[in-house]
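Data from data_29.cif: mmCIF, C-alpha atoms and all ligand atoms
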data_final
#
loop_
_atom_site.label_atom_id
_atom_site.label_comp_id
_atom_site.auth_asym_id
_atom_site.auth_seq_id
_atom_site.Cartn_x
_atom_site.Cartn_y
_atom_site.Cartn_z
CA MET Q 22 -65.05 261.90 -58.39
CA GLN Q 23 -66.10 264.57 -55.93
CA THR Q 24 -69.59 264.56 -57.41
CA LEU Q 25 -69.75 260.77 -57.07
CA VAL Q 26 -68.50 260.98 -53.47
CA HIS Q 27 -71.15 263.57 -52.59
CA HIS Q 28 -74.11 262.28 -54.63
CA GLY Q 29 -73.48 258.54 -54.85
CA ALA Q 30 -74.05 256.63 -58.10
CA ALA Q 31 -75.20 258.74 -61.04
CA THR Q 32 -75.75 258.37 -64.79
CA GLN Q 33 -73.35 260.03 -67.21
CA ALA Q 34 -76.08 262.53 -68.17
CA GLN Q 35 -76.59 263.44 -64.49
CA LEU Q 36 -72.81 263.81 -64.03
CA ALA Q 37 -72.68 266.15 -67.02
CA ARG Q 38 -75.48 268.27 -65.55
CA MET Q 39 -74.01 268.36 -62.04
CA THR Q 40 -70.43 269.15 -63.14
CA GLY Q 41 -71.31 271.47 -66.02
CA LEU Q 42 -69.00 269.39 -68.28
CA SER Q 43 -70.08 268.28 -71.75
CA SER Q 44 -71.34 264.70 -72.09
CA ALA Q 45 -68.40 263.87 -74.37
CA THR Q 46 -65.93 265.05 -71.70
CA VAL Q 47 -67.74 263.10 -68.97
CA SER Q 48 -67.74 260.03 -71.19
CA ASN Q 49 -63.96 260.30 -71.76
CA ILE Q 50 -63.25 260.81 -68.04
CA ILE Q 51 -65.45 257.85 -67.08
CA ARG Q 52 -63.75 255.60 -69.62
CA ASP Q 53 -60.36 256.51 -68.15
CA MET Q 54 -61.61 255.96 -64.59
CA VAL Q 55 -63.03 252.54 -65.51
CA ASP Q 56 -59.65 251.59 -67.02
CA ARG Q 57 -57.93 252.64 -63.80
CA GLY Q 58 -60.39 250.63 -61.69
CA ILE Q 59 -61.66 253.72 -59.85
CA VAL Q 60 -65.32 253.43 -60.95
CA SER Q 61 -67.67 250.74 -62.29
CA THR Q 62 -70.57 251.19 -64.70
CA SER Q 63 -73.78 249.19 -64.89
CA PRO Q 64 -76.77 249.45 -67.27
CA THR Q 65 -79.80 251.31 -65.93
CA THR Q 66 -82.73 253.32 -67.28
CA SER Q 67 -83.20 257.06 -66.90
CA SER Q 68 -86.51 258.70 -68.00
CA GLY Q 69 -87.35 255.51 -69.86
CA ARG Q 70 -84.05 255.49 -71.80
CA ARG Q 71 -81.14 253.13 -71.46
CA ALA Q 72 -78.24 254.72 -69.57
CA LEU Q 73 -75.05 253.80 -67.72
CA SER Q 74 -74.96 254.19 -63.96
CA VAL Q 75 -71.50 255.15 -62.66
CA SER Q 76 -70.40 254.33 -59.10
CA LEU Q 77 -67.12 254.62 -57.23
CA ASN Q 78 -65.22 251.48 -56.29
CA ALA Q 79 -64.74 253.23 -52.96
CA GLY Q 80 -63.81 250.14 -50.97
CA GLU Q 81 -60.97 249.38 -53.36
CA THR Q 82 -59.42 252.80 -53.93
CA ALA Q 83 -57.46 254.87 -51.45
CA ALA Q 84 -54.99 257.73 -51.22
CA VAL Q 85 -51.74 257.51 -49.24
CA GLY Q 86 -50.22 260.41 -47.32
CA ILE Q 87 -46.57 260.19 -46.22
CA ASP Q 88 -45.02 262.74 -43.88
CA ILE Q 89 -41.22 262.55 -43.73
CA GLY Q 90 -39.83 264.61 -40.86
CA ARG Q 91 -36.38 265.12 -39.46
CA ARG Q 92 -36.97 262.38 -36.91
CA HIS Q 93 -40.01 260.40 -38.10
CA VAL Q 94 -42.01 258.98 -40.97
CA ARG Q 95 -45.82 258.81 -40.73
CA VAL Q 96 -48.09 257.14 -43.27
CA VAL Q 97 -51.88 257.39 -43.49
CA LEU Q 98 -54.16 255.48 -45.85
CA ALA Q 99 -57.37 257.37 -46.53
CA GLY Q 100 -60.54 256.27 -48.29
CA LEU Q 101 -62.07 258.44 -51.01
CA GLY Q 102 -64.70 259.68 -48.55
CA TYR Q 103 -61.87 261.34 -46.54
CA HIS Q 104 -61.82 258.75 -43.76
CA VAL Q 105 -58.61 257.24 -42.41
CA LEU Q 106 -58.40 253.49 -43.06
CA GLN Q 107 -54.98 252.80 -41.52
CA GLU Q 108 -52.02 254.73 -40.22
CA ASP Q 109 -48.64 254.08 -38.71
CA TRP Q 110 -45.41 255.90 -37.92
CA ARG Q 111 -41.80 255.18 -37.03
CA PRO Q 112 -39.01 257.30 -35.51
CA LEU Q 113 -35.95 258.07 -37.68
CA PRO Q 114 -32.38 258.58 -36.44
CA ALA Q 115 -31.14 262.19 -36.32
CA ARG Q 116 -29.44 263.29 -39.56
CA HIS Q 117 -30.67 260.17 -41.35
CA SER Q 118 -29.74 259.81 -45.00
CA ALA Q 119 -32.46 260.23 -47.61
CA GLU Q 120 -32.00 256.53 -48.41
CA VAL Q 121 -32.93 255.50 -44.84
CA GLY Q 122 -35.95 257.82 -44.81
CA LEU Q 123 -37.20 256.53 -48.16
CA ASN Q 124 -36.72 252.88 -47.12
CA VAL Q 125 -38.82 253.37 -43.99
CA ALA Q 126 -41.49 255.23 -45.97
CA VAL Q 127 -41.76 252.39 -48.51
CA GLU Q 128 -41.90 249.77 -45.72
CA LEU Q 129 -44.72 251.60 -43.89
CA PHE Q 130 -46.55 252.16 -47.18
CA ASP Q 131 -46.69 248.40 -47.82
CA LYS Q 132 -47.55 247.71 -44.18
CA VAL Q 133 -50.65 249.96 -44.02
CA LEU Q 134 -51.84 248.67 -47.42
CA GLY Q 135 -51.48 245.09 -46.16
CA GLN Q 136 -53.39 245.92 -42.98
CA ALA Q 137 -56.23 247.38 -45.04
CA GLY Q 138 -56.22 244.38 -47.39
CA LEU Q 139 -55.41 246.58 -50.40
CA SER Q 140 -52.81 246.21 -53.13
CA ARG Q 141 -50.59 248.88 -54.67
CA SER Q 142 -52.84 249.03 -57.73
CA SER Q 143 -55.67 250.31 -55.49
CA VAL Q 144 -53.70 253.44 -54.68
CA LEU Q 145 -54.95 256.52 -56.50
CA GLY Q 146 -51.70 258.31 -55.64
CA THR Q 147 -49.24 259.05 -52.87
CA GLY Q 148 -48.75 262.50 -51.36
CA VAL Q 149 -45.39 263.14 -49.71
CA GLY Q 150 -44.49 265.96 -47.33
CA ILE Q 151 -40.90 267.11 -46.70
CA PRO Q 152 -39.87 269.69 -44.07
CA GLY Q 153 -38.34 272.22 -46.39
CA PRO Q 154 -38.93 274.18 -49.55
CA ILE Q 155 -39.22 272.19 -52.77
CA ASP Q 156 -38.34 273.53 -56.20
CA ARG Q 157 -41.44 272.65 -58.21
CA ARG Q 158 -39.55 272.81 -61.48
CA THR Q 159 -37.35 269.84 -60.54
CA GLY Q 160 -39.10 268.15 -57.58
CA THR Q 161 -35.96 268.50 -55.46
CA VAL Q 162 -35.37 269.85 -51.94
CA VAL Q 163 -33.95 273.39 -52.03
CA GLU Q 164 -30.51 274.27 -50.61
CA GLY Q 165 -30.72 275.63 -47.06
CA ALA Q 166 -33.46 273.16 -46.05
CA ILE Q 167 -33.79 271.68 -42.58
CA LEU Q 168 -32.84 268.27 -44.07
CA PRO Q 169 -29.40 268.98 -45.62
CA GLU Q 170 -28.90 265.26 -46.35
CA TRP Q 171 -31.89 265.38 -48.70
CA VAL Q 172 -30.85 268.40 -50.79
CA GLY Q 173 -30.70 267.80 -54.54
CA ILE Q 174 -32.20 264.29 -54.42
CA ASN Q 175 -35.11 263.69 -56.81
CA ILE Q 176 -37.51 262.30 -54.22
CA LEU Q 177 -40.42 262.44 -56.64
CA GLN Q 178 -38.78 260.13 -59.19
CA GLN Q 179 -37.31 257.77 -56.59
CA LEU Q 180 -40.62 257.26 -54.80
CA GLN Q 181 -42.57 256.95 -58.02
CA ASP Q 182 -40.21 254.15 -59.11
CA ARG Q 183 -40.34 252.37 -55.76
CA LEU Q 184 -44.05 252.73 -54.97
CA GLY Q 185 -45.42 252.29 -58.47
CA THR Q 186 -48.07 254.99 -57.91
CA PRO Q 187 -48.30 258.62 -58.98
CA VAL Q 188 -46.45 260.73 -56.38
CA HIS Q 189 -47.26 264.33 -55.43
CA LEU Q 190 -44.60 266.16 -53.44
CA ASP Q 191 -45.02 269.24 -51.28
CA ASN Q 192 -43.53 270.86 -48.21
CA ASP Q 193 -44.92 270.19 -44.75
CA ALA Q 194 -46.34 273.67 -44.15
CA ASN Q 195 -48.36 273.57 -47.39
CA LEU Q 196 -49.72 270.15 -46.46
CA GLY Q 197 -50.55 271.36 -42.94
CA ALA Q 198 -52.56 274.19 -44.51
CA LEU Q 199 -54.36 271.79 -46.83
CA ALA Q 200 -55.16 269.50 -43.88
CA GLN Q 201 -56.78 272.39 -41.99
CA VAL Q 202 -59.18 273.18 -44.84
CA THR Q 203 -59.85 269.49 -45.56
CA TRP Q 204 -59.82 267.57 -42.27
CA GLY Q 205 -59.64 270.36 -39.70
CA SER Q 206 -62.23 272.68 -38.25
CA PHE Q 207 -61.77 275.31 -40.98
CA SER Q 208 -63.08 273.46 -44.02
CA ALA Q 209 -65.25 276.39 -45.06
CA THR Q 210 -62.34 278.84 -44.98
CA ALA Q 211 -61.11 280.09 -48.36
CA ASP Q 212 -58.22 282.17 -46.98
CA LEU Q 213 -56.15 280.44 -44.32
CA THR Q 214 -52.50 280.61 -43.27
CA PHE Q 215 -50.93 277.63 -41.52
CA LEU Q 216 -47.75 278.40 -39.60
CA LYS Q 217 -45.61 275.45 -38.64
CA ILE Q 218 -43.24 276.20 -35.78
CA GLY Q 219 -40.53 273.58 -35.42
CA THR Q 220 -36.78 273.51 -35.99
CA GLY Q 221 -37.74 275.64 -38.97
CA ILE Q 222 -40.65 278.05 -39.27
CA GLY Q 223 -42.71 278.12 -42.45
CA ALA Q 224 -46.20 278.95 -43.62
CA GLY Q 225 -48.62 277.30 -46.02
CA LEU Q 226 -50.89 279.82 -47.72
CA ILE Q 227 -54.41 278.97 -48.83
CA VAL Q 228 -55.57 281.87 -50.99
CA ASN Q 229 -59.03 281.78 -52.60
CA GLY Q 230 -59.41 278.12 -51.64
CA ARG Q 231 -56.15 277.03 -53.27
CA LEU Q 232 -52.57 276.60 -52.14
CA HIS Q 233 -50.46 279.50 -53.35
CA TYR Q 234 -47.24 278.29 -55.00
CA GLY Q 235 -45.81 281.44 -56.56
CA ASN Q 236 -43.21 281.18 -59.32
CA VAL Q 237 -40.92 278.28 -58.33
CA GLY Q 238 -43.00 276.89 -55.45
CA VAL Q 239 -41.08 278.50 -52.60
CA THR Q 240 -43.60 280.56 -50.61
CA GLY Q 241 -44.47 281.28 -46.98
CA GLU Q 242 -40.85 281.58 -45.82
CA VAL Q 243 -42.01 283.55 -42.78
CA GLY Q 244 -39.17 282.03 -40.74
CA HIS Q 245 -36.82 284.32 -42.63
CA ALA Q 246 -38.65 287.57 -41.93
CA THR Q 247 -36.13 289.94 -40.34
CA ILE Q 248 -36.96 290.51 -36.67
CA ALA Q 249 -33.64 291.84 -35.32
CA GLU Q 250 -31.34 293.74 -37.75
CA HIS Q 251 -28.22 292.89 -35.72
CA GLY Q 252 -29.39 289.49 -34.50
CA LEU Q 253 -27.79 286.08 -34.89
CA VAL Q 254 -26.76 284.77 -38.30
CA CYS Q 255 -29.44 282.44 -39.70
CA ARG Q 256 -28.93 279.21 -41.67
CA CYS Q 257 -30.23 281.14 -44.74
CA GLY Q 258 -27.20 283.47 -44.48
CA ASN Q 259 -29.18 286.49 -43.32
CA ARG Q 260 -29.18 288.04 -39.85
CA GLY Q 261 -31.88 288.13 -37.17
CA CYS Q 262 -34.51 286.05 -38.99
CA LEU Q 263 -37.62 284.91 -37.07
CA GLU Q 264 -36.10 281.41 -36.88
CA THR Q 265 -33.13 282.75 -34.90
CA VAL Q 266 -35.46 283.93 -32.11
CA ALA Q 267 -38.49 281.61 -32.21
CA SER Q 268 -37.67 278.16 -33.66
CA THR Q 269 -37.98 275.22 -31.26
CA SER Q 270 -34.24 274.57 -31.46
CA VAL Q 271 -33.51 278.14 -30.33
CA LEU Q 272 -36.03 277.86 -27.46
CA MET Q 273 -34.47 274.55 -26.40
CA GLU Q 274 -30.99 276.02 -26.50
CA MET Q 275 -31.98 279.08 -24.45
CA LEU Q 276 -33.76 277.07 -21.77
CA SER Q 277 -31.19 274.26 -21.62
CA ARG Q 278 -28.26 276.52 -20.64
CA GLY Q 279 -26.64 275.22 -17.46
CA LEU Q 280 -28.59 271.96 -17.54
CA GLU Q 281 -26.90 268.57 -17.73
CA ALA Q 282 -29.20 267.17 -20.44
CA PRO Q 283 -30.79 269.43 -23.10
CA LEU Q 284 -34.56 269.94 -22.85
CA THR Q 285 -36.97 268.56 -25.45
CA THR Q 286 -39.91 270.51 -26.90
CA ALA Q 287 -42.23 268.41 -24.70
CA ASP Q 288 -40.19 269.54 -21.63
CA ILE Q 289 -40.60 273.18 -22.66
CA VAL Q 290 -44.38 272.81 -23.02
CA GLN Q 291 -44.53 271.14 -19.58
CA LEU Q 292 -42.34 273.83 -17.95
CA ALA Q 293 -44.58 276.58 -19.33
CA LEU Q 294 -47.76 274.80 -18.25
CA ASN Q 295 -46.18 274.58 -14.75
CA ARG Q 296 -45.74 278.40 -14.93
CA ASN Q 297 -41.93 278.27 -14.96
CA ASN Q 298 -40.84 281.93 -15.26
CA ALA Q 299 -37.95 281.46 -17.68
CA ALA Q 300 -40.04 279.29 -20.01
CA LEU Q 301 -42.95 281.77 -19.94
CA ARG Q 302 -40.63 284.69 -20.70
CA VAL Q 303 -38.87 282.96 -23.59
CA ILE Q 304 -42.20 281.86 -25.10
CA ASP Q 305 -43.69 285.34 -24.68
CA ASP Q 306 -40.76 286.89 -26.60
CA ALA Q 307 -40.99 284.22 -29.31
CA GLY Q 308 -44.78 284.65 -29.62
CA LEU Q 309 -44.49 288.42 -29.99
CA ALA Q 310 -41.89 288.00 -32.74
CA ILE Q 311 -44.07 285.40 -34.50
CA GLY Q 312 -47.05 287.78 -34.32
CA ARG Q 313 -44.96 290.55 -35.82
CA ALA Q 314 -43.83 288.36 -38.73
CA LEU Q 315 -47.40 287.15 -39.27
CA ALA Q 316 -48.62 290.76 -39.31
CA ASN Q 317 -46.74 291.26 -42.58
CA VAL Q 318 -48.45 288.20 -44.03
CA CYS Q 319 -51.85 289.47 -42.87
CA ASN Q 320 -51.34 292.97 -44.22
CA LEU Q 321 -50.42 291.43 -47.56
CA ILE Q 322 -52.99 288.64 -48.09
CA ASN Q 323 -55.55 289.11 -45.25
CA PRO Q 324 -56.29 285.49 -44.24
CA ALA Q 325 -59.46 284.87 -42.20
CA VAL Q 326 -57.69 282.35 -39.99
CA ILE Q 327 -54.12 281.64 -38.92
CA VAL Q 328 -53.61 278.12 -37.59
CA ILE Q 329 -50.42 277.30 -35.68
CA GLY Q 330 -49.07 273.77 -35.84
CA GLY Q 331 -45.98 271.86 -34.74
CA PRO Q 332 -44.76 270.52 -31.39
CA LEU Q 333 -45.68 273.67 -29.42
CA THR Q 334 -49.47 273.43 -29.93
CA GLY Q 335 -49.86 272.07 -26.38
CA LEU Q 336 -48.97 275.57 -25.11
CA GLY Q 337 -52.43 276.85 -26.10
CA ASP Q 338 -53.07 280.40 -24.95
CA ILE Q 339 -49.57 280.73 -23.44
CA LEU Q 340 -48.29 281.02 -27.02
CA LEU Q 341 -51.44 282.31 -28.74
CA GLU Q 342 -51.74 285.36 -26.48
CA PRO Q 343 -48.35 286.98 -27.38
CA VAL Q 344 -48.87 286.01 -31.06
CA ARG Q 345 -52.21 287.86 -31.05
CA ARG Q 346 -50.57 290.80 -29.28
CA GLY Q 347 -47.81 291.00 -31.92
CA LEU Q 348 -50.38 290.69 -34.68
CA ALA Q 349 -52.56 293.45 -33.22
CA ARG Q 350 -49.58 295.77 -32.86
CA TYR Q 351 -48.19 295.42 -36.38
CA THR Q 352 -51.26 294.97 -38.58
CA VAL Q 353 -53.70 297.53 -39.95
CA PRO Q 354 -56.29 297.77 -37.11
CA LEU Q 355 -59.20 296.22 -39.03
CA ILE Q 356 -57.06 293.20 -39.99
CA GLY Q 357 -55.81 292.76 -36.42
CA GLN Q 358 -59.38 292.84 -35.09
CA THR Q 359 -60.82 290.36 -37.59
CA THR Q 360 -58.09 287.70 -37.97
CA THR Q 361 -58.67 284.52 -35.96
CA VAL Q 362 -55.55 282.87 -34.51
CA ALA Q 363 -55.95 279.25 -33.38
CA MET Q 364 -53.93 276.15 -32.55
CA SER Q 365 -54.14 273.18 -34.91
CA SER Q 366 -56.33 270.38 -33.59
CA LEU Q 367 -54.77 267.79 -35.91
CA GLY Q 368 -51.60 267.33 -33.84
CA ASP Q 369 -48.66 265.58 -35.52
CA ARG Q 370 -51.00 263.96 -38.07
CA ALA Q 371 -51.65 267.24 -39.94
CA GLU Q 372 -48.94 266.83 -42.59
CA ALA Q 373 -49.75 263.19 -43.44
CA LEU Q 374 -53.48 263.97 -43.64
CA GLY Q 375 -52.67 266.96 -45.84
CA ALA Q 376 -50.55 264.72 -48.08
CA ALA Q 377 -53.51 262.36 -48.58
CA ALA Q 378 -55.74 265.38 -49.29
CA LEU Q 379 -53.21 266.59 -51.91
CA VAL Q 380 -53.63 263.32 -53.81
CA MET Q 381 -57.41 263.66 -53.83
CA ARG Q 382 -57.25 267.30 -54.96
CA ARG Q 383 -54.72 266.62 -57.69
CA SER Q 384 -56.88 263.69 -58.82
CA GLY Q 385 -59.87 266.00 -59.17
CA MET Q 386 -61.56 264.86 -55.95
CA ASP Q 387 -62.11 268.36 -54.74
CA VAL Q 388 -62.94 271.70 -56.30
CA PRO Q 389 -61.04 273.79 -57.10
CA PRO Q 390 -58.02 271.53 -57.73
CA VAL Q 391 -54.79 272.80 -56.15
ZN ZN Y 401 -33.09 283.13 -42.28
#
Full structure transcribed into structure tokens:
Amino acid sequence: MQTLVHHGAATQAQLARMTGLSSATVSNIIRDMVDRGIVSTSPTTSSGRRALSVSLNAGETAAVGIDIGRRHVRVVLAGLGYHVLQEDWRPLPARHSAEVGLNVAVELFDKVLGQAGLSRSSVLGTGVGIPGPIDRRTGTVVEGAILPEWVGINILQQLQDRLGTPVHLDNDANLGALAQVTWGSFSATADLTFLKIGTGIGAGLIVNGRLHYGNVGVTGEVGHATIAEHGLVCRCGNRGCLETVASTSVLMEMLSRGLEAPLTTADIVQLALNRNNAALRVIDDAGLAIGRALANVCNLINPAVIVIGGPLTGLGDILLEPVRRGLARYTVPLIGQTTTVAMSSLGDRAEALGAAALVMRRSGMDVPPV
């Protein structure tokens, strides 16, 4: 599919040459893709011989990306050429049940398909992002996740039944990382770490051009790096984790003390941009701690780029500067000097875009497949 996207229509012999696959394999794959309505074939001649020209039914096939957050659901519909056809989102009530979240996701899924004039059978697959670690052996949300109401529910099976498409599940940080190397400004980067800072803090690791899943799929738990031995007790049961000093909920709590109404993350960004001293100090401390935790990641896997995403991206250099300082202090000097740290430019669309990219990768639309 990637070859067809990049080169346009081609004969089976040309596809075999370009992909390095045997003609029998190409023939089998094409037959399957014709059955699924993804490609069409038409008779043609090649070097005077009769051949079959294969072309993508691009206008009729799309991938869906769904990002389910603590307080929102976002759905994007993307064409096979990695362009967004439709998208929509809706807020969710705090501590919503999984049932409510899934209902809204299914509703938006049908809505964007309707707006694009497509039917469910045109969907190559649906990628779904959840803010929390997922056990890849069972497709369930792991205990201790930011969405306690979702723990233990087989989201994969439920969505597959209700959407009638293949479903690929992953956590939001992994999808954010995938979005950066697919839709973002770092598409040529083979080693990238995406750090999502929100109520939880987690990283998605692209190593050698692929997402790194480890043994059971729980990786990048940078939020639980120990920063303060005798610090506050974390939701994971440990003490002084990065999340207890740098998550958005901790920043909100610290800066809301003595106020009548608690601040939102948008308020914190605005306060810092207005050079409010308390906000600047709290963000500087958080940034330094984040840099220190990231230094361990860098010393271990040496990414070329670290991209920071989540609701604090509007802080720009106010947050990046202490992160870089922490990184420089705790990494091997060469790593500190050569690692780029940047804010995500994809805003709150990163996870949904990454979910759509996951579908295309798992469907063989990109090389190497994740
Ligand atoms: Zn923890």
Set out as JSON lines a contact list for region 114-217 of chain Q and region 70-80 of chain Q with a cut-off of 12 Å, giving each residue of region 114-217 of chain Q that qualifies its closest atom pair and distance in Å to one decimal, counting only C-alpha atoms, ordered by chain and rising residue number.
{"residue": "Q:Ala137", "atom": "CA", "partner": "Q:Gly80", "partner_atom": "CA", "distance": 10.0}
{"residue": "Q:Gly138", "atom": "CA", "partner": "Q:Gly80", "partner_atom": "CA", "distance": 10.2}
{"residue": "Q:Leu139", "atom": "CA", "partner": "Q:Gly80", "partner_atom": "CA", "distance": 9.1}
{"residue": "Q:Ser140", "atom": "CA", "partner": "Q:Gly80", "partner_atom": "CA", "distance": 11.9}
{"residue": "Q:Ser143", "atom": "CA", "partner": "Q:Gly80", "partner_atom": "CA", "distance": 9.3}
{"residue": "Q:Val144", "atom": "CA", "partner": "Q:Ala79", "partner_atom": "CA", "distance": 11.2}
{"residue": "Q:Leu145", "atom": "CA", "partner": "Q:Ala79", "partner_atom": "CA", "distance": 10.9}
Restrict the selected residues to C-alpha atoms and save them as a short mmCIF file (atom, residue, chain, number, x, y, z; two decimals), in the frame of the given file.
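New file out22.cif:
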data_model
loop_
_atom_site.label_atom_id
_atom_site.label_comp_id
_atom_site.auth_asym_id
_atom_site.auth_seq_id
_atom_site.Cartn_x
_atom_site.Cartn_y
_atom_site.Cartn_z
CA ALA Q 137 -56.23 247.38 -45.04
CA GLY Q 138 -56.22 244.38 -47.39
CA LEU Q 139 -55.41 246.58 -50.40
CA SER Q 140 -52.81 246.21 -53.13
CA SER Q 143 -55.67 250.31 -55.49
CA VAL Q 144 -53.70 253.44 -54.68
CA LEU Q 145 -54.95 256.52 -56.50
#
List every residue of chain Q that has an atom at most 9 Å from any atom of ligand ZN 401 (chain Y), and for each one report the closest atom pair and its distance in Å to one decimal, counting all atoms listed in the file, with rows sorted by chain and then by increasing residue number, as a tab-separated table.
residue	atom	partner	partner_atom	distance
Q:Glu242	CA	Y:ZN401	ZN	8.7
Q:Val243	CA	Y:ZN401	ZN	8.9
Q:Gly244	CA	Y:ZN401	ZN	6.4
Q:His245	CA	Y:ZN401	ZN	3.9
Q:Ala246	CA	Y:ZN401	ZN	7.1
Q:Thr247	CA	Y:ZN401	ZN	7.7
Q:Val254	CA	Y:ZN401	ZN	7.7
Q:Cys255	CA	Y:ZN401	ZN	4.5
Q:Arg256	CA	Y:ZN401	ZN	5.7
Q:Cys257	CA	Y:ZN401	ZN	4.3
Q:Gly258	CA	Y:ZN401	ZN	6.3
Q:Asn259	CA	Y:ZN401	ZN	5.3
Q:Arg260	CA	Y:ZN401	ZN	6.7
Q:Gly261	CA	Y:ZN401	ZN	7.3
Q:Cys262	CA	Y:ZN401	ZN	4.6
Q:Leu263	CA	Y:ZN401	ZN	7.1
Q:Glu264	CA	Y:ZN401	ZN	6.4
Q:Thr265	CA	Y:ZN401	ZN	7.4
C-alpha atoms of the current selection, written as a CSV table (one decimal), keeping the file's coordinate frame:
chain,number,residue,atom,x,y,z
Q,242,GLU,CA,-40.8,281.6,-45.8
Q,243,VAL,CA,-42.0,283.6,-42.8
Q,244,GLY,CA,-39.2,282.0,-40.7
Q,245,HIS,CA,-36.8,284.3,-42.6
Q,246,ALA,CA,-38.6,287.6,-41.9
Q,247,THR,CA,-36.1,289.9,-40.3
Q,254,VAL,CA,-26.8,284.8,-38.3
Q,255,CYS,CA,-29.4,282.4,-39.7
Q,256,ARG,CA,-28.9,279.2,-41.7
Q,257,CYS,CA,-30.2,281.1,-44.7
Q,258,GLY,CA,-27.2,283.5,-44.5
Q,259,ASN,CA,-29.2,286.5,-43.3
Q,260,ARG,CA,-29.2,288.0,-39.8
Q,261,GLY,CA,-31.9,288.1,-37.2
Q,262,CYS,CA,-34.5,286.0,-39.0
Q,263,LEU,CA,-37.6,284.9,-37.1
Q,264,GLU,CA,-36.1,281.4,-36.9
Q,265,THR,CA,-33.1,282.8,-34.9
Any idea what's packed within 9 Å of region 150-161 of chain Q, counting only C-alpha atoms, ignoring anything in its chain fewer than 6 positions away? Could you give it as a ChimeraX atom specification?
/Q:86-91,167-168,171-178,189-196,221,223,234,236-240,242,372-373,375-376
Could you check how far CA of Gly347 (chain Q) sits from CA of Ala316 (chain Q), in Å to one decimal?
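Taking CA of Gly347 (chain Q) as the start and CA of Ala316 (chain Q) as the end point, the length is 7.4 Å.
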Pairwise distance for CA of Val162 (chain Q) and CA of Ala267 (chain Q), rounded to one decimal in Å:
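Going from CA of Val162 (chain Q) over to CA of Ala267 (chain Q) covers 23.2 Å.
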Point-to-point distance from CA of Gly230 (chain Q) to CA of Val318 (chain Q), Å rounded to tenths:
16.7 Å
Please return as a list in words every residue within 9 Å of (-70.2, 263.4, -67.8), taking into account only C-alpha atoms and the file's own coordinates.
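In the file's frame, the residues around the point are Thr32, Gln33, Ala34, Gln35, Leu36, Ala37, Arg38, Met39, Thr40, Gly41, Leu42, Ser43, Ser44, Ala45, Thr46, Val47, Ser48, Asn49, Ile50 and Ile51 of chain Q.
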I'd like the neighbourhood of Gln201 (chain Q) as a PyMOL selection string, where a residue qualifies if any of its atoms comes within 9 Å (using all atoms listed in the file), though same-chain residues fewer than 5 positions away should be ignored.
chain Q and resi 196+206-208+213+215+328+365-367+371+375
What would the list of residues within 12 Å of (-57.7, 256.2, -53.0) (file frame) look like as number ranges by chain, if only C-alpha atoms are what count?
Q: 22, 26, 57-60, 77-86, 97-106, 134, 137, 139-148, 186-187, 377-386
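Excluding Thr210 (chain Q) itself and same-chain residues fewer than 4 positions from it, the residues having an atom within 10 Å of it are Gln201, Val202, Thr203, Ser206, Ile227, Val228, Asn229, Gly230, Pro324, Ala325 and Val326 of chain Q, counting all atoms listed in the file.
In terms of minimum interatomic distance to Thr65 (chain Q), Q:Ala31 ranks closest within Q:Ile356, Q:Val344, Q:Ala31, Q:Leu336, counting only C-alpha atoms.
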